[in-house]
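Asker: File target-v5.txt below, compact mmCIF, C-alpha atoms:
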```txt
# COMPACT_ATOMS: atom_id res chain seq x y z
CA MET X 138 48.21 242.22 231.10
CA ASP X 139 51.41 241.83 233.11
CA PHE X 140 54.44 240.07 231.65
CA ALA X 141 56.57 240.45 234.77
CA PHE X 142 57.32 237.42 236.94
CA SER X 143 55.83 237.46 240.40
CA ASP X 144 58.15 237.51 243.41
CA ASP X 145 57.43 233.79 243.89
CA LEU X 146 58.44 232.92 240.33
CA LEU X 147 61.58 235.02 240.62
CA ALA X 148 62.46 233.22 243.84
CA ILE X 149 61.97 229.83 242.18
CA ARG X 150 64.15 230.81 239.23
CA ASP X 151 66.91 232.23 241.44
CA GLN X 152 67.00 229.26 243.82
CA VAL X 153 67.09 226.74 240.96
CA GLU X 154 69.89 228.68 239.29
CA ARG X 155 71.93 228.56 242.50
CA ILE X 156 71.47 224.79 242.75
CA CYS X 157 72.39 224.25 239.10
CA ASP X 158 75.49 226.44 239.37
CA ALA X 159 77.02 223.77 241.60
CA PHE X 160 76.97 221.33 238.66
CA ASP X 161 79.19 222.75 235.94
CA ASP X 162 79.98 221.68 232.39
CA GLU X 163 82.77 219.43 233.60
CA PHE X 164 80.36 217.54 235.87
CA TRP X 165 77.93 216.91 233.01
CA ARG X 166 80.67 216.00 230.53
CA ARG X 167 81.88 213.41 233.01
CA LYS X 168 78.39 212.02 233.56
CA GLU X 169 77.89 211.71 229.82
CA LYS X 170 81.23 209.99 229.33
CA GLU X 171 80.55 207.55 232.16
CA GLU X 172 76.88 207.15 231.18
CA SER X 173 76.10 207.44 234.86
CA PHE X 174 72.89 208.86 236.29
CA PRO X 175 73.35 212.25 238.04
CA PHE X 176 72.12 211.15 241.46
CA GLU X 177 73.84 214.16 243.06
CA PHE X 178 71.74 216.60 241.05
CA HIS X 179 68.54 214.60 241.65
CA ARG X 180 69.24 214.68 245.40
CA ALA X 181 69.97 218.41 245.41
CA MET X 182 66.66 219.19 243.68
CA ALA X 183 64.79 216.83 246.00
CA ASP X 184 66.33 218.33 249.12
CA ALA X 185 65.27 221.78 247.97
CA GLY X 186 61.68 220.57 247.51
CA PHE X 187 61.54 221.03 243.74
CA LEU X 188 60.53 217.45 242.89
CA GLY X 189 57.17 218.26 244.43
CA ILE X 190 56.61 221.66 242.87
CA THR X 191 53.34 220.57 241.23
CA MET X 192 52.32 218.03 243.91
CA PRO X 193 49.58 218.63 246.51
CA GLU X 194 50.71 220.39 249.68
CA GLU X 195 49.02 217.78 251.88
CA PHE X 196 51.66 215.25 250.75
CA GLY X 197 54.62 217.58 251.11
CA GLY X 198 54.50 219.27 247.73
CA SER X 199 54.28 222.95 246.85
CA GLY X 200 50.92 222.76 245.09
CA LEU X 201 52.06 225.14 242.35
CA GLY X 202 50.99 225.09 238.74
CA VAL X 203 52.54 224.47 235.36
CA THR X 204 53.74 228.07 235.08
CA ALA X 205 55.97 227.62 238.13
CA ALA X 206 57.18 224.26 236.83
CA ALA X 207 57.97 225.76 233.41
CA VAL X 208 59.99 228.57 234.99
CA MET X 209 61.86 225.98 237.06
CA MET X 210 62.63 223.73 234.10
CA ASN X 211 63.73 226.65 231.95
CA ALA X 212 66.22 227.59 234.67
CA VAL X 213 67.43 223.98 234.80
CA THR X 214 68.07 223.76 231.05
CA ARG X 215 69.75 227.17 230.91
CA SER X 216 72.35 225.61 233.19
CA ALA X 217 75.27 223.40 232.18
CA GLY X 218 73.13 220.27 232.54
CA THR X 219 70.71 221.25 229.74
CA TYR X 220 68.52 218.26 228.76
CA ALA X 221 70.34 215.70 230.88
CA ALA X 222 69.54 217.76 233.97
CA ALA X 223 65.93 218.21 232.88
CA SER X 224 65.45 214.51 232.19
CA THR X 225 66.76 213.68 235.66
CA ILE X 226 63.65 215.22 237.23
CA HIS X 227 61.18 215.71 234.39
CA ILE X 228 58.85 212.79 235.03
CA ASN X 229 58.17 213.98 238.58
CA LEU X 230 56.40 217.00 237.14
CA PHE X 231 53.97 215.46 234.66
CA GLY X 232 54.21 211.66 234.90
CA PRO X 233 52.42 211.15 238.25
CA HIS X 234 49.64 213.58 237.36
CA PRO X 235 47.10 210.76 236.79
CA ILE X 236 47.84 209.56 240.33
CA VAL X 237 47.16 213.04 241.72
CA VAL X 238 43.88 213.34 239.82
CA PHE X 239 42.55 209.77 239.76
CA GLY X 240 44.39 207.89 242.50
CA THR X 241 42.62 206.87 245.68
CA PRO X 242 43.51 208.68 248.94
CA GLU X 243 45.37 205.55 250.04
CA GLN X 244 47.39 205.42 246.81
CA LYS X 245 48.33 209.07 247.10
CA ARG X 246 49.51 208.61 250.69
CA ARG X 247 51.46 205.52 249.66
CA TRP X 248 53.16 206.91 246.58
CA ILE X 249 53.40 210.70 246.40
CA PRO X 250 55.52 211.53 249.50
CA ASP X 251 58.31 209.19 248.34
CA LEU X 252 58.34 210.84 244.90
CA ILE X 253 58.54 214.31 246.39
CA ALA X 254 61.33 213.33 248.77
CA GLY X 255 63.33 211.66 246.00
CA ARG X 256 63.25 208.31 247.77
CA THR X 257 61.49 206.76 244.77
CA GLN X 258 62.41 207.20 241.12
CA VAL X 259 59.88 206.36 238.47
CA CYS X 260 60.01 205.55 234.76
CA PHE X 261 57.27 205.87 232.15
CA GLY X 262 56.14 202.81 230.16
CA VAL X 263 53.91 203.85 227.27
CA THR X 264 55.72 203.80 223.89
CA GLU X 265 56.06 200.45 222.10
CA PRO X 266 58.13 199.38 219.07
CA ASP X 267 55.10 198.80 216.84
CA ALA X 268 52.82 201.51 218.19
CA GLY X 269 54.80 204.77 218.15
CA LEU X 270 52.59 207.84 218.18
CA ASP X 271 49.44 205.74 217.75
CA THR X 272 49.14 204.74 221.38
CA THR X 273 45.88 202.90 220.71
CA ARG X 274 47.97 200.20 218.97
CA ILE X 275 49.88 199.11 222.08
CA THR X 276 49.87 195.36 222.64
CA THR X 277 51.34 194.97 226.13
CA ARG X 278 48.70 192.91 227.96
CA ALA X 279 47.53 192.93 231.56
CA ASP X 280 45.44 189.81 232.15
CA LYS X 281 43.29 189.58 235.26
CA VAL X 282 44.31 186.91 237.76
CA ASP X 283 43.61 186.34 241.44
CA GLY X 284 44.83 189.37 243.34
CA GLY X 285 45.87 191.44 240.36
CA TYR X 286 47.11 191.29 236.79
CA LEU X 287 49.84 189.49 234.85
CA VAL X 288 51.63 191.83 232.45
CA ASN X 289 53.38 190.63 229.31
CA GLY X 290 54.79 192.71 226.49
CA ARG X 291 57.48 195.25 225.74
CA LYS X 292 58.03 198.99 225.87
CA LEU X 293 60.54 201.26 224.14
CA TRP X 294 62.29 204.48 225.17
CA THR X 295 61.64 203.86 228.84
CA SER X 296 63.85 206.59 230.29
CA THR X 297 65.54 206.07 233.69
CA ALA X 298 64.50 202.39 233.86
CA GLN X 299 68.09 201.51 234.82
CA VAL X 300 67.67 203.34 238.13
CA ALA X 301 63.89 203.45 238.63
CA HIS X 302 62.08 201.72 241.47
CA LYS X 303 58.58 202.19 240.02
CA ILE X 304 56.97 202.32 236.60
CA LEU X 305 53.87 204.13 235.40
CA LEU X 306 52.68 201.52 232.92
CA LEU X 307 50.00 201.64 230.23
CA THR X 308 48.60 198.26 229.16
CA ARG X 309 45.73 196.70 227.28
CA THR X 310 43.19 194.87 229.40
CA SER X 311 40.82 194.26 226.51
CA PRO X 312 41.33 194.05 222.73
CA ARG X 313 41.37 197.18 220.62
CA ASP X 314 37.89 198.17 219.45
CA PRO X 315 37.99 200.12 216.15
CA ALA X 316 34.79 201.89 217.18
CA ASP X 317 36.51 203.20 220.35
CA PRO X 318 40.24 202.52 220.05
CA THR X 319 41.16 204.45 223.21
CA ALA X 320 39.03 202.20 225.40
CA GLY X 321 40.35 199.05 227.03
CA MET X 322 43.68 200.49 228.20
CA THR X 323 44.54 200.39 231.89
CA LEU X 324 47.14 202.36 233.83
CA PHE X 325 49.26 200.98 236.67
CA TYR X 326 51.85 202.41 239.03
CA THR X 327 53.84 199.50 240.34
CA ASP X 328 57.23 198.10 241.35
CA LEU X 329 59.75 197.56 238.56
CA ASP X 330 60.48 193.96 239.51
CA ARG X 331 63.78 193.12 237.80
CA SER X 332 63.10 189.40 238.10
CA ARG X 333 60.16 189.86 235.71
CA VAL X 334 61.26 192.92 233.73
CA GLU X 335 64.35 192.90 231.52
CA VAL X 336 65.82 196.36 230.98
CA GLN X 337 68.13 196.89 227.98
CA ARG X 338 69.88 200.22 227.58
CA ILE X 339 69.62 201.91 224.17
CA PRO X 340 72.84 203.60 222.95
CA LYS X 341 71.94 207.06 221.65
CA MET X 342 73.46 210.25 220.28
CA GLY X 343 72.96 212.47 223.34
CA ARG X 344 71.79 212.73 226.93
CA ALA X 345 73.83 209.64 227.79
CA ALA X 346 73.80 210.48 231.50
CA VAL X 347 70.10 209.63 231.59
CA ASP X 348 69.39 206.17 230.27
CA SER X 349 66.74 205.18 227.72
CA ASN X 350 65.74 201.56 227.45
CA ALA X 351 63.81 198.76 225.88
CA THR X 352 61.86 196.93 228.60
CA PHE X 353 60.45 193.42 228.37
CA PHE X 354 57.70 192.18 230.72
CA ASP X 355 57.43 188.46 231.43
CA ASN X 356 54.50 187.60 233.72
CA LEU X 357 54.98 190.67 235.91
CA LEU X 358 52.39 190.36 238.69
CA VAL X 359 50.82 193.73 239.42
CA PRO X 360 48.61 193.89 242.53
CA GLU X 361 45.12 195.21 241.96
CA GLU X 362 45.80 198.02 244.44
CA ASP X 363 48.43 199.34 242.01
CA ARG X 364 45.85 200.07 239.33
CA VAL X 365 45.26 203.79 238.81
CA GLY X 366 41.57 204.55 238.42
CA GLU X 367 39.15 202.26 236.63
CA GLU X 368 40.06 199.39 234.36
CA GLY X 369 39.88 200.34 230.69
CA LYS X 370 40.18 204.13 231.16
CA GLY X 371 43.97 204.48 231.34
CA PHE X 372 44.37 206.33 228.07
CA ARG X 373 41.90 208.99 229.16
CA TYR X 374 43.84 209.43 232.39
CA LEU X 375 47.07 209.97 230.50
CA LEU X 376 45.49 212.76 228.45
CA HIS X 377 45.47 214.92 231.57
CA SER X 378 49.27 215.08 231.50
CA LEU X 379 49.77 215.72 227.77
CA ASN X 380 49.40 219.50 227.71
CA PRO X 381 51.61 220.06 230.79
CA GLU X 382 54.21 217.78 229.24
CA ARG X 383 54.29 219.78 226.01
CA ILE X 384 54.58 223.05 227.93
CA LEU X 385 57.46 221.74 230.01
CA VAL X 386 59.28 220.32 226.98
CA ALA X 387 58.94 223.73 225.32
CA SER X 388 60.45 225.43 228.35
CA ASP X 389 63.25 222.83 228.35
CA VAL X 390 64.38 223.29 224.76
CA ILE X 391 64.03 227.07 224.91
CA GLY X 392 66.33 227.04 227.93
CA ILE X 393 68.91 224.94 226.09
CA GLY X 394 68.74 227.37 223.18
CA GLN X 395 69.18 230.33 225.52
CA ARG X 396 72.29 228.78 227.06
CA ALA X 397 73.75 227.97 223.65
CA LEU X 398 72.98 231.49 222.42
CA ALA X 399 74.76 233.02 225.41
CA LYS X 400 77.79 230.82 224.72
CA GLY X 401 77.75 231.77 221.04
CA ALA X 402 77.45 235.49 221.75
CA ASP X 403 80.24 235.35 224.32
CA TYR X 404 82.54 233.61 221.85
CA ALA X 405 81.62 236.14 219.14
CA ARG X 406 82.58 239.00 221.49
CA THR X 407 85.95 237.55 222.46
CA ARG X 408 87.15 235.67 219.37
CA VAL X 409 89.35 238.00 217.29
CA VAL X 410 90.04 237.27 213.61
CA PHE X 411 91.61 239.78 211.19
CA ASP X 412 92.09 242.20 214.09
CA ARG X 413 88.40 242.44 215.02
CA PRO X 414 85.94 240.40 217.11
CA ILE X 415 83.95 238.12 214.84
CA GLY X 416 80.73 239.39 216.45
CA GLN X 417 81.33 242.70 214.69
CA ASN X 418 80.60 240.96 211.41
CA GLN X 419 76.91 241.02 210.49
CA SER X 420 77.16 237.48 209.10
CA ILE X 421 77.84 236.36 212.67
CA GLN X 422 75.79 238.96 214.51
CA HIS X 423 72.50 238.75 212.61
CA PRO X 424 71.92 234.98 212.91
CA LEU X 425 72.50 235.22 216.66
CA ALA X 426 70.08 238.13 216.91
CA GLN X 427 67.48 236.15 214.95
CA CYS X 428 67.87 233.26 217.39
CA TRP X 429 67.21 235.61 220.31
CA ALA X 430 64.02 236.89 218.69
CA ASP X 431 62.76 233.38 217.91
CA LEU X 432 63.50 232.11 221.43
CA GLU X 433 61.70 235.08 222.99
CA ALA X 434 58.63 234.51 220.80
CA ALA X 435 58.53 230.82 221.67
CA TRP X 436 58.91 231.62 225.39
CA LEU X 437 55.98 234.05 225.30
CA LEU X 438 53.75 231.38 223.76
CA THR X 439 54.97 228.85 226.33
CA MET X 440 54.03 231.20 229.16
CA LYS X 441 50.64 231.84 227.58
CA ALA X 442 49.99 228.09 227.33
CA ALA X 443 51.01 227.62 230.96
CA TRP X 444 48.77 230.49 232.07
CA LEU X 445 45.84 229.02 230.16
CA TYR X 446 46.38 225.61 231.75
CA ASP X 447 46.68 227.01 235.27
CA SER X 448 43.55 229.09 234.66
CA GLY X 449 41.57 225.99 233.73
CA ARG X 450 41.13 227.11 230.12
CA PRO X 451 41.64 225.09 226.92
CA CYS X 452 45.30 225.18 225.91
CA GLY X 453 45.83 222.28 223.51
CA ALA X 454 46.71 224.43 220.50
CA GLU X 455 48.97 226.74 222.48
CA ALA X 456 50.75 223.92 224.31
CA ASN X 457 51.42 222.05 221.08
CA ALA X 458 52.49 225.19 219.21
CA ALA X 459 54.82 226.15 222.06
CA LYS X 460 56.49 222.75 221.85
CA LEU X 461 56.77 223.11 218.04
CA LEU X 462 58.24 226.63 218.07
CA GLY X 463 60.35 226.01 221.16
CA GLY X 464 61.91 222.93 219.61
CA GLN X 465 62.71 224.71 216.38
CA ALA X 466 64.04 227.87 218.04
CA GLY X 467 66.13 225.93 220.55
CA HIS X 468 67.61 223.72 217.85
CA ALA X 469 68.40 226.70 215.62
CA ALA X 470 70.15 228.50 218.48
CA CYS X 471 72.27 225.47 219.34
CA LEU X 472 73.23 224.97 215.71
CA GLN X 473 74.14 228.64 215.37
CA ALA X 474 76.26 228.46 218.53
CA VAL X 475 78.26 225.61 217.00
CA MET X 476 78.62 227.49 213.72
CA THR X 477 79.72 230.65 215.54
CA HIS X 478 82.50 228.70 217.26
CA GLY X 479 83.64 227.40 213.88
CA GLY X 480 85.88 224.36 214.14
CA MET X 481 86.04 224.68 217.92
CA GLY X 482 82.29 224.20 218.02
CA TYR X 483 82.97 220.58 217.09
CA ALA X 484 85.22 220.15 220.14
CA LYS X 485 83.77 218.87 223.41
CA GLU X 486 85.81 221.48 225.27
CA TYR X 487 83.32 224.22 224.37
CA ASN X 488 80.22 222.13 225.17
CA VAL X 489 78.03 223.57 222.42
CA GLU X 490 78.23 220.33 220.45
CA ARG X 491 76.62 218.59 223.47
CA TYR X 492 73.85 221.15 223.60
CA LEU X 493 73.14 220.56 219.90
CA ARG X 494 72.99 216.78 220.34
CA GLU X 495 70.66 217.06 223.30
CA VAL X 496 68.29 219.75 222.02
CA LEU X 497 67.31 217.64 219.01
CA LEU X 498 65.34 215.40 221.35
CA GLY X 499 62.88 218.23 221.90
CA ARG X 500 61.98 218.23 218.23
CA LEU X 501 61.40 214.48 218.15
CA THR X 502 59.47 213.87 221.36
CA PRO X 503 56.99 213.59 222.98
CA VAL X 504 55.05 214.25 219.78
CA SER X 505 56.32 214.86 216.26
CA GLU X 506 56.16 218.25 214.61
CA GLN X 507 54.03 216.77 211.85
CA MET X 508 51.43 215.55 214.34
CA ILE X 509 51.36 219.00 215.94
CA LEU X 510 50.74 220.67 212.59
CA SER X 511 48.02 218.15 211.79
CA PHE X 512 46.40 218.86 215.16
CA ILE X 513 46.45 222.63 214.58
CA GLY X 514 45.21 222.22 211.02
CA GLU X 515 42.23 220.17 212.19
CA LYS X 516 41.38 221.65 215.60
CA VAL X 517 42.25 225.31 215.03
CA LEU X 518 41.85 225.89 211.30
CA GLY X 519 38.92 223.49 210.81
CA LEU X 520 40.62 221.53 208.03
CA PRO X 521 39.83 217.85 207.32
CA LYS X 522 41.69 215.34 209.45
CA SER X 523 44.79 214.33 207.49
CA TYR X 524 45.65 210.96 209.04
```
What would the structure in this file look like if it were written as structure tokens?

Answerer:
Amino acid sequence: MDFAFSDDLLAIRDQVERICDAFDDEFWRRKEKEESFPFEFHRAMADAGFLGITMPEEFGGSGLGVTAAAVMMNAVTRSAGTYAAASTIHINLFGPHPIVVFGTPEQKRRWIPDLIAGRTQVCFGVTEPDAGLDTTRITTRADKVDGGYLVNGRKLWTSTAQVAHKILLLTRTSPRDPADPTAGMTLFYTDLDRSRVEVQRIPKMGRAAVDSNATFFDNLLVPEEDRVGEEGKGFRYLLHSLNPERILVASDVIGIGQRALAKGADYARTRVVFDRPIGQNQSIQHPLAQCWADLEAAWLLTMKAAWLYDSGRPCGAEANAAKLLGGQAGHAACLQAVMTHGGMGYAKEYNVERYLREVLLGRLTPVSEQMILSFIGEKVLGLPKSY
């Protein structure tokens, strides 16, 4: 058992850190204030080849696994960009996975190189206002017509739809069957035609540099050649990306917590009150130390989940638990960083308030903590299904 990073992983981490260092807190504060997408960061990561870290080498990618992607994303979120930086590139790592696994050779040649090169940006259309975590309840329809499908319906929390060229879209092509509720859903990767798709930005508490949206589809014509895999099996295709997504989200929020902890510890070393640094007080020191321990434990489980996935072994429990513990540890570290700064923690100047606002997203998405605990209770502990 070897816990040391390989030379390749160390090189990935170091190169990503160098890229991220060029985008400081001031850059990200400005992007948040302007609510403008960080195209400069997206381009820098694309030019360095990192948008294709998990993509097949034959299309210009690196062909690396989830472990490498998790190390990369942890380095990204330990930088000043935290979750905004991660969300700029996140969907490239897990979103197109169904295309890689189930797409035709022609589709892969047509789509993947542009994603890797950063020429195409994609958004993810799955969540709906009345479906939430129960994806089987989606109602967005794709009706068969000559040459393709007409899509009508609406999606919610469609991140980056303001700037995306393409959308990975889950629809219903047949009514929900209670006997097999996951059947009858079909997946498409198609142009985001603004003449047929209305995109409305959702104001939110954090990560304002990366937009989230409500999207409305009005007779969007999707060519048949833009269907991914077989009709009616879209939900099953999406399942292939769920565990990698949870692992990457865990690495994201742990990274944010690590950055916030470093900021809090630095402030505790340098802030002098009553003629002594506040970090000398155990009431300040111990909570920060506890955050370090919790973040390290969550990171170890994240790396185990990534190793299991890359080894082709079952990792559902570990991936979900990593997301659960990572979200909680990252949030606790960001909160403690604000508290350590005292009143100045509430000021934008010190940035920790931004980290706290952004890290909360990792506790809410892509799956709730309650659903994770229910999954572990049922699948690991053998308890009756609770929902």

Asker: Could you name the residues that touch Gly467 in chain X at 12 Å or less, counting all atoms listed in the file, but leaving out those on the same chain fewer than 5 positions away, as an MDAnalysis selection string?

Answerer: chainID X and resid 211 214:215 219:220 386:398 425 427:436 459:462 472:474 492:500

Asker: Which of these, X:Ala454, X:Ala443, X:Ile149, X:Lys281, has the shortest distance to Glu515 in chain X once you count all atoms listed in the file?

Answerer: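 Residue with the minimum atom-to-atom distance to Glu515 in chain X: X:Ala454.
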
Asker: What's the 12 Å shell around Val300 in chain X, counting all atoms listed in the file, without same-chain residues fewer than 3 positions away, as an NGL selection string?

Answerer: :X and (173-176 or 179 or 225 or 256-260 or 295-297 or 303-304 or 329-331 or 336 or 338 or 346-350)

Asker: Neighbouring residues of range 445-450 of chain X were defined as those with any atom within 7 Å, considering only C-alpha atoms; residues of the same chain fewer than 4 positions away were excluded. Please report them as a PyMOL selection string.

Answerer: chain X and resi 202-203+441

Asker: With distances taken over only C-alpha atoms, which of X:Leu510, X:Arg408, X:Leu437, X:Pro381 is nearest to His478 in chain X?

Answerer: X:Arg408

Asker: Neighbours of Val288 in chain X within 6 Å (all atoms listed in the file; same-chain residues fewer than 2 positions away dropped), as a PDB file with C-alpha atoms, in the frame of the given file?

Answerer:
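What landed in out.pdb:
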```
ATOM      1  CA  ARG X 278      48.700 192.910 227.960  1.00  0.00           C
ATOM      2  CA  ALA X 279      47.530 192.930 231.560  1.00  0.00           C
ATOM      3  CA  ASN X 356      54.500 187.600 233.720  1.00  0.00           C
ATOM      4  CA  LEU X 357      54.980 190.670 235.910  1.00  0.00           C
TER       5      LEU X 357
END
```

Asker: How would you write as a VMD selection string the residues that get within 8 Å of (73.1, 213.5, 229.1) in the file's frame, counting all atoms listed in the file?

Answerer: chain X and resid 165 168 to 169 172 218 220 to 222 343 to 347 495

Asker: Around all of range 268-283 of chain X's listed atoms, make the axis-aligned box with 8 Å on each side and tell me centre and edge lengths in Å to one decimal, as lines of an AutoDock Vina configuration file.

Answerer:
```
center_x = 49.0
center_y = 197.1
center_z = 229.6
size_x = 27.5
size_y = 37.5
size_z = 39.7
```

Asker: From the list X:Met342, X:Ala223, X:Val489, X:Leu305, which residue is nearest Arg364 in chain X when using only C-alpha atoms?

Answerer: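 Once distances to Arg364 in chain X are computed over only C-alpha atoms, the minimum belongs to X:Leu305.
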
Asker: For Arg167 in chain X, which residue among X:Thr191, X:Ser378, X:Asn488, X:Thr277 is the nearest when counting all atoms listed in the file?

Answerer: X:Asn488

Asker: For Asp161 in chain X, work out the shell of residues within 8 Å, counting all atoms listed in the file and skipping chain neighbours fewer than 3 positions away, then give it as a compact mmCIF listing (two decimals) with C-alpha atoms, keeping the file's coordinate frame.

Answerer:
```txt
# COMPACT_ATOMS: atom_id res chain seq x y z
CA CYS X 157 72.39 224.25 239.10
CA ASP X 158 75.49 226.44 239.37
CA PHE X 164 80.36 217.54 235.87
CA TRP X 165 77.93 216.91 233.01
CA SER X 216 72.35 225.61 233.19
CA ALA X 217 75.27 223.40 232.18
CA GLY X 218 73.13 220.27 232.54
```

Asker: From the set X:Ala351, X:Ala405, X:Leu307, X:Ala159, which residue has the shortest atom-to-atom contact distance to Asn418 in chain X, counting all atoms listed in the file?

Answerer: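 Answer, going by the shortest atom-to-atom distance: X:Ala405.
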
Asker: Between CA of Gly371 in chain X and CA of Asp355 in chain X, what is the spacing in Å?

Answerer: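 Atom-to-atom, CA of Asp355 in chain X to CA of Gly371 in chain X, that is 20.9 Å.
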
Asker: Would you compute the distance between CA of Gly232 in chain X and CA of Glu265 in chain X? Give it in Å to one decimal.

Answerer: 17.1 Å

Asker: Tell me which of X:Gly240, X:Gly453, X:Gly255, X:Gly401 sits closest to Ala470 in chain X, counting all atoms listed in the file.

Answerer: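 Of X:Gly240, X:Gly453, X:Gly255, X:Gly401, the one nearest Ala470 in chain X, counting all atoms listed in the file, is X:Gly401.
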
Asker: So how far away is CA of Leu385 in chain X from CA of Met210 in chain X, in Å?

Answerer: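 Distance between the two atoms: 6.9 Å.
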
Asker: Where atoms are absent from range 303-314 of chain X, fill them in so it carries N, CA and C atoms, then output it as a PDB file, in the frame of the given file.

Answerer:
```
ATOM      1  N   LYS X 303      59.983 202.342 240.403  1.00  0.00           N
ATOM      2  CA  LYS X 303      58.580 202.190 240.020  1.00  0.00           C
ATOM      3  C   LYS X 303      58.433 202.474 238.532  1.00  0.00           C
ATOM      4  N   ILE X 304      57.304 202.015 237.992  1.00  0.00           N
ATOM      5  CA  ILE X 304      56.970 202.320 236.600  1.00  0.00           C
ATOM      6  C   ILE X 304      55.501 202.698 236.498  1.00  0.00           C
ATOM      7  N   LEU X 305      55.236 203.765 235.765  1.00  0.00           N
ATOM      8  CA  LEU X 305      53.870 204.130 235.400  1.00  0.00           C
ATOM      9  C   LEU X 305      53.612 203.475 234.050  1.00  0.00           C
ATOM     10  N   LEU X 306      52.753 202.469 234.037  1.00  0.00           N
ATOM     11  CA  LEU X 306      52.680 201.520 232.920  1.00  0.00           C
ATOM     12  C   LEU X 306      51.299 201.490 232.295  1.00  0.00           C
ATOM     13  N   LEU X 307      51.252 201.715 230.984  1.00  0.00           N
ATOM     14  CA  LEU X 307      50.000 201.640 230.230  1.00  0.00           C
ATOM     15  C   LEU X 307      49.918 200.288 229.535  1.00  0.00           C
ATOM     16  N   THR X 308      48.778 199.606 229.722  1.00  0.00           N
ATOM     17  CA  THR X 308      48.600 198.260 229.160  1.00  0.00           C
ATOM     18  C   THR X 308      47.237 198.161 228.491  1.00  0.00           C
ATOM     19  N   ARG X 309      47.059 197.040 227.794  1.00  0.00           N
ATOM     20  CA  ARG X 309      45.730 196.700 227.280  1.00  0.00           C
ATOM     21  C   ARG X 309      45.132 195.621 228.181  1.00  0.00           C
ATOM     22  N   THR X 310      43.917 195.875 228.638  1.00  0.00           N
ATOM     23  CA  THR X 310      43.190 194.870 229.400  1.00  0.00           C
ATOM     24  C   THR X 310      42.019 194.296 228.610  1.00  0.00           C
ATOM     25  N   SER X 311      41.786 194.844 227.441  1.00  0.00           N
ATOM     26  CA  SER X 311      40.820 194.260 226.510  1.00  0.00           C
ATOM     27  C   SER X 311      41.263 194.608 225.101  1.00  0.00           C
ATOM     28  N   PRO X 312      40.863 193.816 224.096  1.00  0.00           N
ATOM     29  CA  PRO X 312      41.330 194.050 222.730  1.00  0.00           C
ATOM     30  C   PRO X 312      40.912 195.416 222.191  1.00  0.00           C
ATOM     31  N   ARG X 313      41.669 195.895 221.246  1.00  0.00           N
ATOM     32  CA  ARG X 313      41.370 197.180 220.620  1.00  0.00           C
ATOM     33  C   ARG X 313      40.046 197.101 219.862  1.00  0.00           C
ATOM     34  N   ASP X 314      39.177 198.069 220.124  1.00  0.00           N
ATOM     35  CA  ASP X 314      37.890 198.170 219.450  1.00  0.00           C
ATOM     36  C   ASP X 314      37.963 199.315 218.450  1.00  0.00           C
TER      37      ASP X 314
END
```
